[in-house]
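Structure file work-v5.cif (mmCIF, C-alpha atoms) follows.
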```
data_structure
#
loop_
_atom_site.label_atom_id
_atom_site.label_comp_id
_atom_site.auth_asym_id
_atom_site.auth_seq_id
_atom_site.Cartn_x
_atom_site.Cartn_y
_atom_site.Cartn_z
CA MET A 651 1.81 3.74 -16.58
CA GLY A 652 3.77 5.68 -13.97
CA LYS A 653 6.92 4.77 -12.14
CA ARG A 654 6.40 2.70 -8.99
CA GLN A 655 8.44 2.86 -5.81
CA GLY A 656 8.43 0.30 -3.03
CA VAL A 657 8.83 0.64 0.70
CA THR A 658 10.04 -2.43 2.54
CA GLY A 659 11.12 -3.25 6.07
CA ARG A 660 8.15 -3.63 8.37
CA LYS A 661 9.89 -2.55 11.58
CA ASN A 662 10.68 0.86 10.11
CA PHE A 663 7.75 1.06 7.72
CA ARG A 664 6.29 4.35 8.96
CA ASN A 665 9.69 6.08 8.94
CA MET A 666 10.40 4.86 5.43
CA ALA A 667 6.98 5.92 4.15
CA ARG A 668 7.49 9.37 5.68
CA THR A 669 10.92 9.59 4.02
CA TYR A 670 9.57 8.65 0.58
CA VAL A 671 6.70 11.14 0.75
CA SER A 672 8.96 13.92 2.04
CA ASN A 673 11.36 13.22 -0.82
CA TRP A 674 8.52 13.38 -3.36
CA ASN A 675 7.42 16.67 -1.82
CA GLU A 676 10.93 18.18 -1.86
CA HIS A 677 11.35 17.29 -5.53
CA GLY A 678 8.06 18.91 -6.54
CA LEU A 679 6.13 15.74 -7.33
CA VAL A 680 3.37 16.54 -4.84
CA LYS A 681 2.54 19.88 -6.48
CA ASP A 682 3.05 18.64 -10.04
CA THR A 683 -0.46 18.28 -11.44
CA SER A 684 0.78 15.88 -14.12
CA VAL A 685 1.76 13.39 -11.39
CA SER A 686 -0.60 11.38 -9.19
CA LEU A 687 0.88 9.82 -6.08
CA HIS A 688 -0.86 6.70 -4.79
CA LEU A 689 0.57 4.78 -1.87
CA VAL A 690 -0.28 1.07 -1.81
CA VAL A 691 0.52 -0.68 1.46
CA ALA A 692 0.43 -4.48 1.32
CA TYR A 693 1.00 -6.09 4.68
CA ASP A 694 1.22 -9.55 6.21
CA LEU A 695 0.02 -9.72 9.81
CA LYS A 696 1.69 -13.12 10.26
CA TYR A 697 5.09 -11.47 9.96
CA SER A 698 6.63 -10.68 13.33
CA THR A 699 3.21 -10.44 15.03
CA THR A 700 2.32 -7.12 13.47
CA LYS A 701 -1.13 -5.55 13.58
CA PRO A 702 -2.99 -3.34 11.08
CA SER A 703 -2.24 -0.19 13.10
CA ASP A 704 1.49 -0.81 12.52
CA TYR A 705 0.80 0.08 8.89
CA ARG A 706 -2.30 2.28 8.98
CA ASN A 707 -1.23 4.80 11.63
CA LEU A 708 0.74 7.02 9.29
CA ASP A 709 1.51 10.67 9.89
CA SER A 710 -1.37 12.90 8.79
CA LYS A 711 1.16 14.73 6.57
CA ILE A 712 1.45 11.59 4.45
CA TYR A 713 -2.32 11.44 3.97
CA ASP A 714 -2.31 15.13 3.01
CA LEU A 715 0.48 14.85 0.43
CA VAL A 716 -0.58 11.82 -1.60
CA ASP A 717 -3.67 11.39 -3.77
CA SER A 718 -4.71 8.10 -2.17
CA ILE A 719 -3.58 5.34 0.16
CA ASP A 720 -4.78 1.76 -0.20
CA PHE A 721 -4.13 -0.85 2.48
CA VAL A 722 -4.07 -4.45 1.30
CA GLY A 723 -4.19 -7.08 4.01
CA ASP A 724 -5.16 -10.73 4.12
CA SER A 725 -8.93 -10.18 3.89
CA ALA A 726 -8.57 -7.85 0.88
CA VAL A 727 -6.42 -10.45 -0.90
CA LYS A 728 -8.93 -13.22 -0.14
CA ASN A 729 -11.81 -11.07 -1.41
CA GLU A 730 -9.93 -10.30 -4.62
CA VAL A 731 -9.16 -13.99 -5.17
CA ARG A 732 -12.82 -14.89 -4.56
CA GLN A 733 -13.95 -12.26 -7.06
CA LEU A 734 -11.46 -13.42 -9.70
CA VAL A 735 -12.67 -17.02 -9.31
CA GLU A 736 -16.33 -15.94 -9.50
CA GLU A 737 -15.64 -13.93 -12.67
CA GLY A 738 -13.81 -16.85 -14.26
CA VAL A 739 -10.51 -14.96 -14.49
CA VAL A 740 -8.83 -17.84 -12.64
CA ALA A 741 -10.07 -21.41 -12.48
CA HIS A 742 -9.66 -21.93 -8.75
CA ALA A 743 -7.89 -20.53 -5.73
CA ARG A 744 -4.92 -22.25 -4.11
CA GLY A 745 -3.87 -21.97 -0.51
CA GLY A 746 -7.32 -21.89 1.03
CA ALA A 747 -8.29 -18.41 -0.18
#
```

Whole structure given in C-alpha cells:
Amino acid sequence: MGKRQGVTGRKNFRNMARTYVSNWNEHGLVKDTSVSLHLVVAYDLKYSTTKPSDYRNLDSKIYDLVDSIDFVGDSAVKNEVRQLVEEGVVAHARGGA
C-alpha cells in the first residue's frame, strides 16, 4: 500500500491541497507511472458552517494532476455504514447513522 498524506485545516483547505499537489508535481510524482495519486477529501459540514463547495471547488489544475478525487461527506459516510450493517460486517450502527 502506498504512502498517504493528509491535508488539514478547513479554512485554508484549497490552498493546502494546491500546495500538496504542486509539491508532488515538482518532485516528479505526477509523471511517475509507478505512482498513482488519489486525493480523498473527508469533510464535516457541521464544522464552522462550511458547505460542500468549500471543499469541492478545487483548482482545475488539481483535477488534472491527480488520478482521482473522492469527496466523503455525511451522506457518503451514512451510506457506507448502512451497507456495512446490511452486509453483516458490523452488527449495528451507532450515532443514528

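Residue nearest Trp674 (chain A), chosen from A:Leu708, A:Tyr693, A:Ser725, A:Leu715 and counting only C-alpha atoms: A:Leu715.
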
Between CA of Ile719 (chain A) and CA of Val690 (chain A), what is the distance, to one decimal in Å?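 CA of Val690 (chain A) lies at a distance of 5.7 Å from CA of Ile719 (chain A).
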
Going by the chain IDs and residue numbers used in this file, which residues fall under the PyMOL selection byres ((chain A and resi 676-686) around 8)? Write them as a PyMOL selection string. chain A and resi 672-675+687-688+715-717

Given only C-alpha atoms as the counted atoms, nearest of A:Val740, A:Leu734, A:Ile712, A:Val722 to Asn665 (chain A):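 Among the listed residues, A:Ile712 lies closest to Asn665 (chain A).
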
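For the choices A:Leu689, A:Val739, A:Leu695, A:Ala726, the atom-to-atom distance to Ala667 (chain A) is smallest for A:Leu689 when using only C-alpha atoms.
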
Expressed in Å to a single decimal, how great is the separation between CA of Asn729 (chain A) and CA of Ser698 (chain A)?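 Calculated distance between CA of Asn729 (chain A) and CA of Ser698 (chain A) is 23.6 Å.
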
CA of Asp704 (chain A) to CA of Val727 (chain A), straight-line distance in Å: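 Computing the Euclidean distance for CA of Val727 (chain A) and CA of Asp704 (chain A) yields 18.3 Å.
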
With only C-alpha atoms as the atoms that count, which of A:Gly723, A:Ser718, A:Glu730, A:His742 lies nearest to Pro702 (chain A)? A:Gly723

Nearest residue to Phe721 (chain A) from the set A:Asp709, A:Val671, A:Thr700, A:Asp694 (distances using all atoms listed in the file):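 Selected residue with least distance to Phe721 (chain A): A:Asp694.
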
Please rebuild region 701-726 of chain A with N, CA and C atoms and give the result as a short mmCIF file (atom, residue, chain, number, x, y, z; two decimals), in the coordinates of the input.
```
data_model
loop_
_atom_site.label_atom_id
_atom_site.label_comp_id
_atom_site.auth_asym_id
_atom_site.auth_seq_id
_atom_site.Cartn_x
_atom_site.Cartn_y
_atom_site.Cartn_z
N LYS A 701 0.31 -5.80 13.58
CA LYS A 701 -1.13 -5.55 13.58
C LYS A 701 -1.42 -4.44 12.57
N PRO A 702 -2.67 -4.34 12.11
CA PRO A 702 -2.99 -3.34 11.08
C PRO A 702 -2.53 -1.93 11.45
N SER A 703 -2.63 -1.55 12.70
CA SER A 703 -2.24 -0.19 13.10
C SER A 703 -0.75 0.07 12.87
N ASP A 704 0.06 -1.00 12.82
CA ASP A 704 1.49 -0.81 12.52
C ASP A 704 1.68 -0.20 11.14
N TYR A 705 0.71 -0.40 10.26
CA TYR A 705 0.80 0.08 8.89
C TYR A 705 -0.14 1.26 8.63
N ARG A 706 -1.28 1.27 9.26
CA ARG A 706 -2.30 2.28 8.98
C ARG A 706 -2.09 3.60 9.72
N ASN A 707 -1.43 3.58 10.84
CA ASN A 707 -1.23 4.80 11.63
C ASN A 707 -0.06 5.61 11.09
N LEU A 708 -0.27 6.18 9.92
CA LEU A 708 0.74 7.02 9.29
C LEU A 708 0.55 8.46 9.71
N ASP A 709 1.61 9.24 9.60
CA ASP A 709 1.51 10.67 9.89
C ASP A 709 0.43 11.30 9.01
N SER A 710 -0.32 12.22 9.57
CA SER A 710 -1.37 12.90 8.79
C SER A 710 -0.77 13.63 7.59
N LYS A 711 0.49 14.05 7.69
CA LYS A 711 1.16 14.73 6.57
C LYS A 711 1.20 13.82 5.34
N ILE A 712 1.41 12.54 5.57
CA ILE A 712 1.45 11.59 4.45
C ILE A 712 0.10 11.56 3.76
N TYR A 713 -0.97 11.46 4.54
CA TYR A 713 -2.32 11.44 3.97
C TYR A 713 -2.60 12.72 3.18
N ASP A 714 -2.08 13.84 3.66
CA ASP A 714 -2.31 15.13 3.01
C ASP A 714 -1.54 15.28 1.70
N LEU A 715 -0.40 14.63 1.58
CA LEU A 715 0.48 14.85 0.43
C LEU A 715 0.30 13.88 -0.73
N VAL A 716 -0.37 12.76 -0.51
CA VAL A 716 -0.58 11.82 -1.60
C VAL A 716 -2.04 11.85 -2.03
N ASP A 717 -2.31 11.37 -3.24
CA ASP A 717 -3.67 11.39 -3.77
C ASP A 717 -4.55 10.31 -3.13
N SER A 718 -3.95 9.17 -2.81
CA SER A 718 -4.71 8.10 -2.17
C SER A 718 -3.77 7.13 -1.49
N ILE A 719 -4.32 6.42 -0.51
CA ILE A 719 -3.58 5.34 0.16
C ILE A 719 -4.51 4.14 0.22
N ASP A 720 -4.03 3.01 -0.27
CA ASP A 720 -4.78 1.76 -0.20
C ASP A 720 -4.01 0.78 0.67
N PHE A 721 -4.72 0.14 1.60
CA PHE A 721 -4.13 -0.85 2.48
C PHE A 721 -4.64 -2.21 2.05
N VAL A 722 -3.72 -3.13 1.79
CA VAL A 722 -4.07 -4.45 1.30
C VAL A 722 -3.57 -5.49 2.30
N GLY A 723 -4.51 -6.04 3.05
CA GLY A 723 -4.19 -7.08 4.01
C GLY A 723 -4.77 -8.40 3.56
N ASP A 724 -4.74 -9.38 4.44
CA ASP A 724 -5.16 -10.73 4.12
C ASP A 724 -6.61 -10.79 3.63
N SER A 725 -7.53 -10.09 4.30
CA SER A 725 -8.93 -10.18 3.89
C SER A 725 -9.15 -9.56 2.51
N ALA A 726 -8.44 -8.47 2.20
CA ALA A 726 -8.57 -7.85 0.88
C ALA A 726 -8.06 -8.79 -0.21
#
```
